[in-house]
file data-v6.pdb (PDB, C-alpha atoms and all ligand atoms)
MODEL        1
ATOM      1  CA  MET A   1     -94.730 312.845 117.336
ATOM      2  CA  LYS A   2     -93.555 310.908 114.304
ATOM      3  CA  THR A   3     -94.807 307.365 114.185
ATOM      4  CA  LYS A   4     -94.324 304.256 112.119
ATOM      5  CA  LYS A   5     -96.309 301.075 111.737
ATOM      6  CA  CYS A   6     -94.652 297.874 112.912
ATOM      7  CA  SER A   7     -94.735 295.182 110.238
ATOM      8  CA  THR A   8     -95.238 292.439 112.809
ATOM      9  CA  CYS A   9     -97.758 293.701 115.386
ATOM     10  CA  SER A  10     -99.201 296.394 113.046
ATOM     11  CA  LYS A  11     -99.252 298.921 115.884
ATOM     12  CA  ARG A  12     -98.317 302.531 115.206
ATOM     13  CA  LYS A  13     -95.508 303.469 117.498
ATOM     14  CA  SER A  14     -93.112 306.355 118.075
ATOM     15  CA  LEU A  15     -89.962 306.204 115.922
ATOM     16  CA  LEU A  16     -88.045 305.785 119.165
ATOM     17  CA  GLU A  17     -89.598 302.338 119.457
ATOM     18  CA  PHE A  18     -87.741 301.182 116.338
ATOM     19  CA  GLY A  19     -84.125 300.120 116.323
ATOM     20  CA  ARG A  20     -81.674 301.178 113.647
ATOM     21  CA  ASN A  21     -81.176 299.186 110.479
ATOM     22  CA  PRO A  22     -78.865 300.762 107.889
ATOM     23  CA  GLU A  23     -80.278 298.496 105.170
ATOM     24  CA  THR A  24     -83.778 300.015 105.115
ATOM     25  CA  LYS A  25     -84.962 303.222 103.446
ATOM     26  CA  ASP A  26     -85.683 305.158 106.625
ATOM     27  CA  GLY A  27     -82.753 303.616 108.496
ATOM     28  CA  LEU A  28     -85.048 301.953 111.007
ATOM     29  CA  SER A  29     -86.005 298.329 111.372
ATOM     30  CA  SER A  30     -89.451 297.332 110.109
ATOM     31  CA  ASN A  31     -90.356 295.703 113.435
ATOM     32  CA  CYS A  32     -90.757 297.540 116.722
ATOM     33  CA  ARG A  33     -88.339 296.771 119.528
ATOM     34  CA  ASP A  34     -90.897 294.683 121.396
ATOM     35  CA  CYS A  35     -91.485 292.456 118.367
ATOM     36  CA  ARG A  36     -87.770 292.215 117.632
ATOM     37  CA  ASN A  37     -87.053 291.144 121.195
ATOM     38  CA  LYS A  38     -89.805 288.559 121.135
ATOM     39  CA  ALA A  39     -88.483 287.089 117.876
ATOM     40  CA  LYS A  40     -84.972 287.087 119.222
ATOM     41  CA  ASN A  41     -85.891 285.325 122.448
ATOM     42  CA  LYS A  42     -87.810 282.693 120.526
ATOM     43  CA  SER A  43     -84.806 281.931 118.361
ATOM     44  CA  TYR A  44     -82.579 281.607 121.437
ATOM     45  CA  GLN A  45     -85.033 279.324 123.169
ATOM     46  CA  LYS A  46     -85.139 276.929 120.226
ATOM     47  CA  TYR A  47     -81.612 275.889 121.097
ATOM     48  CA  LYS A  48     -80.544 274.492 124.379
ATOM     49  CA  ILE A  49     -77.037 275.639 125.082
ATOM     50  CA  THR A  50     -77.325 275.683 128.862
ATOM     51  CA  ASP A  51     -77.371 272.965 131.485
ATOM     52  CA  ASP A  52     -80.489 272.523 133.657
ATOM     53  CA  ASN A  53     -78.400 273.813 136.530
ATOM     54  CA  CYS A  54     -76.684 276.905 135.306
ATOM     55  CA  VAL A  55     -75.688 280.469 136.110
ATOM     56  CA  LEU A  56     -75.914 283.356 133.680
ATOM     57  CA  PHE A  57     -73.744 286.441 134.023
ATOM     58  CA  LEU A  58     -75.122 289.282 131.951
ATOM     59  CA  TRP A  59     -73.415 292.598 131.307
ATOM     60  CA  THR A  60     -75.666 295.612 131.308
ATOM     61  CA  THR A  61     -75.626 299.295 132.083
ATOM     62  CA  PHE A  62     -77.695 301.111 134.690
ATOM     63  CA  PRO A  63     -80.068 302.749 132.154
ATOM     64  CA  LYS A  64     -80.698 299.293 130.638
ATOM     65  CA  LEU A  65     -81.122 297.515 133.947
ATOM     66  CA  LYS A  66     -84.779 296.690 133.347
ATOM     67  CA  GLU A  67     -84.091 295.306 129.865
ATOM     68  CA  GLY A  68     -81.206 293.267 131.261
ATOM     69  CA  ILE A  69     -83.434 291.584 133.817
ATOM     70  CA  GLU A  70     -86.089 290.982 131.155
ATOM     71  CA  VAL A  71     -83.584 289.277 128.838
ATOM     72  CA  LEU A  72     -82.310 287.134 131.679
ATOM     73  CA  GLU A  73     -85.840 286.054 132.600
ATOM     74  CA  SER A  74     -86.835 285.404 128.998
ATOM     75  CA  TRP A  75     -83.935 282.937 128.792
ATOM     76  CA  GLY A  76     -85.384 281.031 131.762
ATOM     77  CA  PHE A  77     -83.156 282.383 134.515
ATOM     78  CA  LYS A  78     -84.232 283.904 137.818
ATOM     79  CA  TYR A  79     -82.673 287.245 138.651
ATOM     80  CA  ILE A  80     -80.605 286.884 141.821
ATOM     81  CA  THR A  81     -78.263 289.838 142.244
ATOM     82  CA  VAL A  82     -75.631 292.086 140.713
ATOM     83  CA  ALA A  83     -72.570 289.849 140.698
ATOM     84  CA  PHE A  84     -70.027 292.460 139.629
ATOM     85  CA  VAL A  85     -69.743 296.220 139.482
ATOM     86  CA  TRP A  86     -66.967 297.340 137.170
ATOM     87  CA  VAL A  87     -65.637 300.683 138.370
ATOM     88  CA  LYS A  88     -63.787 302.089 135.397
ATOM     89  CA  GLN A  89     -60.379 303.669 135.615
ATOM     90  CA  ASN A  90     -58.964 306.030 133.024
ATOM     91  CA  PRO A  91     -57.155 304.173 130.221
ATOM     92  CA  LYS A  92     -53.961 306.158 130.831
ATOM     93  CA  ASN A  93     -53.806 306.364 134.619
ATOM     94  CA  ASP A  94     -55.333 304.765 137.701
ATOM     95  CA  LYS A  95     -57.813 307.556 138.411
ATOM     96  CA  ILE A  96     -61.532 306.882 138.315
ATOM     97  CA  TYR A  97     -62.947 307.464 134.836
ATOM     98  CA  SER A  98     -65.883 309.818 134.648
ATOM     99  CA  GLY A  99     -68.324 309.703 131.745
ATOM    100  CA  ILE A 100     -70.883 312.422 131.130
ATOM    101  CA  GLY A 101     -74.024 310.349 131.586
ATOM    102  CA  HIS A 102     -77.514 311.815 131.309
ATOM    103  CA  TRP A 103     -77.900 312.587 135.015
ATOM    104  CA  THR A 104     -74.935 311.834 137.201
ATOM    105  CA  ASN A 105     -71.525 311.281 135.587
ATOM    106  CA  ALA A 106     -71.696 307.622 134.735
ATOM    107  CA  ASN A 107     -68.807 305.361 135.531
ATOM    108  CA  ALA A 108     -69.732 301.789 136.380
ATOM    109  CA  GLU A 109     -71.151 298.883 134.406
ATOM    110  CA  ILE A 110     -72.710 295.905 136.067
ATOM    111  CA  VAL A 111     -72.993 292.157 135.601
ATOM    112  CA  LEU A 112     -76.329 290.642 136.590
ATOM    113  CA  LEU A 113     -76.448 287.126 137.967
ATOM    114  CA  GLY A 114     -79.300 284.818 136.986
ATOM    115  CA  LYS A 115     -79.767 281.256 138.126
ATOM    116  CA  LYS A 116     -81.518 278.183 136.799
ATOM    117  CA  GLY A 117     -81.930 274.924 138.746
ATOM    118  CA  LYS A 118     -79.606 273.968 141.603
ATOM    119  CA  ILE A 119     -76.159 275.464 141.566
ATOM    120  CA  SER A 120     -74.084 277.408 144.029
ATOM    121  CA  ARG A 121     -70.728 279.073 144.445
ATOM    122  CA  ILE A 122     -67.694 277.034 145.447
ATOM    123  CA  VAL A 123     -65.805 279.774 147.306
ATOM    124  CA  LYS A 124     -66.972 282.628 149.516
ATOM    125  CA  ASN A 125     -64.328 285.255 148.923
ATOM    126  CA  ILE A 126     -65.067 286.668 145.452
ATOM    127  CA  LYS A 127     -65.452 290.442 145.555
ATOM    128  CA  GLN A 128     -68.188 292.318 143.747
ATOM    129  CA  ILE A 129     -66.251 295.477 142.876
ATOM    130  CA  VAL A 130     -63.858 295.166 139.934
ATOM    131  CA  LEU A 131     -61.544 298.126 139.614
ATOM    132  CA  ALA A 132     -60.145 298.001 136.090
ATOM    133  CA  HIS A 133     -59.159 300.280 133.240
ATOM    134  CA  ARG A 134     -61.576 301.227 130.536
ATOM    135  CA  GLY A 135     -60.669 299.566 127.226
ATOM    136  CA  LYS A 136     -61.732 300.289 123.688
ATOM    137  CA  HIS A 137     -65.446 300.718 123.162
ATOM    138  CA  SER A 138     -67.376 298.134 125.123
ATOM    139  CA  VAL A 139     -64.422 295.810 125.838
ATOM    140  CA  LYS A 140     -64.950 294.280 129.271
ATOM    141  CA  PRO A 141     -62.160 293.510 131.726
ATOM    142  CA  ASP A 142     -60.766 289.930 131.721
ATOM    143  CA  GLU A 143     -60.837 290.039 135.506
ATOM    144  CA  VAL A 144     -64.587 289.423 135.452
ATOM    145  CA  ARG A 145     -64.131 286.147 133.565
ATOM    146  CA  ASN A 146     -61.421 285.098 136.008
ATOM    147  CA  ARG A 147     -63.650 285.784 138.980
ATOM    148  CA  ILE A 148     -66.553 283.877 137.414
ATOM    149  CA  VAL A 149     -64.344 280.787 137.115
ATOM    150  CA  GLN A 150     -63.091 281.219 140.688
ATOM    151  CA  LEU A 151     -66.647 281.622 141.968
ATOM    152  CA  MET A 152     -68.238 278.723 140.078
ATOM    153  CA  GLY A 153     -65.310 276.401 139.419
ATOM    154  CA  ASP A 154     -64.012 274.975 136.170
ATOM    155  CA  LEU A 155     -67.423 274.231 134.631
ATOM    156  CA  PRO A 156     -68.306 274.132 130.919
ATOM    157  CA  ARG A 157     -68.947 277.743 129.987
ATOM    158  CA  ILE A 158     -69.861 279.814 126.988
ATOM    159  CA  GLU A 159     -69.635 283.524 126.253
ATOM    160  CA  LEU A 160     -72.208 285.026 123.894
ATOM    161  CA  PHE A 161     -71.249 287.867 121.548
ATOM    162  CA  ALA A 162     -67.587 287.362 122.365
ATOM    163  CA  ARG A 163     -65.161 289.806 120.752
ATOM    164  CA  GLN A 164     -62.271 287.364 120.777
ATOM    165  CA  LYS A 165     -61.326 283.731 121.398
ATOM    166  CA  ILE A 166     -61.016 283.016 125.100
ATOM    167  CA  GLU A 167     -59.070 280.115 126.546
ATOM    168  CA  GLY A 168     -61.260 277.711 128.502
ATOM    169  CA  TRP A 169     -64.499 279.125 127.131
ATOM    170  CA  ASP A 170     -66.731 278.236 124.252
ATOM    171  CA  ILE A 171     -67.727 281.400 122.501
ATOM    172  CA  ILE A 172     -70.312 282.697 120.110
ATOM    173  CA  GLU A 173     -68.552 285.441 118.263
ATOM    174  CA  GLY A 174     -69.793 288.684 116.933
ATOM    175  CA  LYS A 175     -72.365 291.284 117.680
ATOM    176  CA  ASP A 176     -76.041 290.815 117.404
ATOM    177  CA  ASN A 177     -77.013 291.362 113.790
ATOM    178  CA  ALA A 178     -78.912 294.356 112.486
ATOM    179  CA  ASP A 179     -82.335 292.779 112.292
ATOM    180  CA  GLY A 180     -82.139 291.784 115.925
ATOM    181  CA  THR A 181     -83.445 288.263 115.409
ATOM    182  CA  GLY A 182     -80.419 286.587 116.898
ATOM    183  CA  GLN A 183     -79.620 284.915 113.583
ATOM    184  CA  ASP A 184     -75.868 285.132 114.266
ATOM    185  CA  ILE A 185     -76.349 282.952 117.301
ATOM    186  CA  VAL A 186     -78.561 280.483 115.454
ATOM    187  CA  ASN A 187     -76.051 280.220 112.577
ATOM    188  CA  TRP A 188     -73.217 279.662 114.980
ATOM    189  CA  ILE A 189     -75.045 276.929 116.865
ATOM    190  CA  ASN A 190     -76.005 275.183 113.640
ATOM    191  CA  LYS A 191     -72.370 275.190 112.586
ATOM    192  CA  ASN A 192     -70.862 274.102 115.880
ATOM    193  CA  TYR A 193     -73.385 271.881 117.600
ATOM    194  CA  GLU A 194     -74.603 269.585 114.834
TER
HETATM  195 ZN    ZN B 201     -94.406 295.412 116.797
ENDMDL
END
call {"tool": "encode", "arguments": {"input": "data-v6.pdb", "output": "structure tokens", "more": "lines below"}}
Ligand SMILES: [Zn+2]
result
Amino acid sequence: MKTKKCSTCSKRKSLLEFGRNPETKDGLSSNCRDCRNKAKNKSYQKYKITDDNCVLFLWTTFPKLKEGIEVLESWGFKYITVAFVWVKQNPKNDKIYSGIGHWTNANAEIVLLGKKGKISRIVKNIKQIVLAHRGKHSVKPDEVRNRIVQLMGDLPRIELFARQKIEGWDIIEGKDNADGTGQDIVNWINKNYE
């Protein structure tokens, strides 16, 4: 097994434990994933962009379910449930899309719901299943945002890593940056909240 030494924790780990970084010689980041995630969570926690009473909706996939819950908890939220299951339809017709997946043919993506403080839904009729067409890579259906607003009301809200401007929402644009430290988010907050 090929290994590499993490520049932060100094542990030798399998190459699989290192994320990609096109700017380095071997194409891998110098820090292991664990260290990257820790650094990232620290930089998020430095800034308070949430209310004491707040709900977090977090997109994830089934293989990354565990990581999704870990991220949610590291941001101070308690995992409650899966709020939405997006069942993907083919882009060109209404049939159910079928990916290859590693085991069963994967189709759905999910939105985890985490909660902080005291907050509850304002209506009782929001459905969990969202049947919507698959967009370009990783674009999520607008319907989920609509249902979040219906469920929680017209509260101040922010979308992280937004791909576009969204009416009624604050956004932090962009993808996470290559070093995985969350610097994009920090830069954005510095620019917009000071
Ligand atoms: Zn490390």
call {"tool": "residues_near_ligand", "arguments": {"input": "data-v6.pdb", "ligand": "ligand ZN 201 (chain B)", "cutoff": "7 Å", "atoms": "all atoms listed in the file", "output": "PyMOL selection string"}}
result
chain A and resi 6-11+31-35
call {"tool": "resolve_selection", "arguments": {"input": "data-v6.pdb", "expression": "the PyMOL selection byres (((chain A and resi 61-70) around 7) and not hetatm)", "output": "list in words"}}
result
Thr60, Val71, Leu72, Glu73, Ser74, Tyr79, Glu109 and Ile110 of chain A
call {"tool": "atom_distance", "arguments": {"input": "data-v6.pdb", "atom1": "CA of Val123 (chain A)", "atom2": "CA of Glu143 (chain A)"}}
result
16.4 Å
call {"tool": "atom_distance", "arguments": {"input": "data-v6.pdb", "atom1": "CA of Val111 (chain A)", "atom2": "CA of Pro91 (chain A)"}}
result
20.6 Å
call {"tool": "residues_around", "arguments": {"input": "data-v6.pdb", "residues": "region 153-155 of chain A", "least_positions_apart": "4", "cutoff": "9 Å", "atoms": "only C-alpha atoms", "output": "ChimeraX atom specification"}}
result
/A:121-123,148-149,168
call {"tool": "resolve_selection", "arguments": {"input": "data-v6.pdb", "expression": "the PyMOL selection byres (((chain A and resi 160) around 7) and not hetatm)", "output": "ChimeraX atom specification"}}
result
/A:158-159,161-162,171-173
call {"tool": "atom_distance", "arguments": {"input": "data-v6.pdb", "atom1": "CA of Phe84 (chain A)", "atom2": "CA of Ala39 (chain A)"}}
result
29.0 Å
call {"tool": "resolve_selection", "arguments": {"input": "data-v6.pdb", "expression": "the PyMOL selection byres (((chain A and resi 13) around 6) and not hetatm)", "output": "PyMOL selection string"}}
result
chain A and resi 3-4+12+14
call {"tool": "closest_residue", "arguments": {"input": "data-v6.pdb", "among": "A:Gln164, A:Ser98, A:Gln150, A:Thr24", "to": "Ile126 (chain A)", "atoms": "all atoms listed in the file"}}
result
A:Gln150
call {"tool": "residues_around", "arguments": {"input": "data-v6.pdb", "residues": "Arg157 (chain A)", "least_positions_apart": "6", "cutoff": "12 Å", "atoms": "only C-alpha atoms", "output": "ChimeraX atom specification"}}
result
/A:49-51,54-57,145,148-149,166-172
call {"tool": "residues_around", "arguments": {"input": "data-v6.pdb", "residues": "Thr81 (chain A)", "least_positions_apart": "5", "cutoff": "9 Å", "atoms": "all atoms listed in the file", "output": "JSON, numbers by chain"}}
result
{"A": [111, 112, 113, 114]}
call {"tool": "residues_around", "arguments": {"input": "data-v6.pdb", "residues": "Lys127 (chain A)", "least_positions_apart": "4", "cutoff": "10 Å", "atoms": "only C-alpha atoms", "output": "ChimeraX atom specification"}}
result
/A:83-85,147,151
call {"tool": "write_last_selection", "arguments": {"input": "data-v6.pdb", "atoms": "C-alpha atoms", "output": "JSON list (two decimals), in the coordinates of the input"}}
result
[["chain", "number", "residue", "atom", "x", "y", "z"],
["A", 83, "ALA", "CA", -72.57, 289.85, 140.70],
["A", 84, "PHE", "CA", -70.03, 292.46, 139.63],
["A", 85, "VAL", "CA", -69.74, 296.22, 139.48],
["A", 147, "ARG", "CA", -63.65, 285.78, 138.98],
["A", 151, "LEU", "CA", -66.65, 281.62, 141.97]]
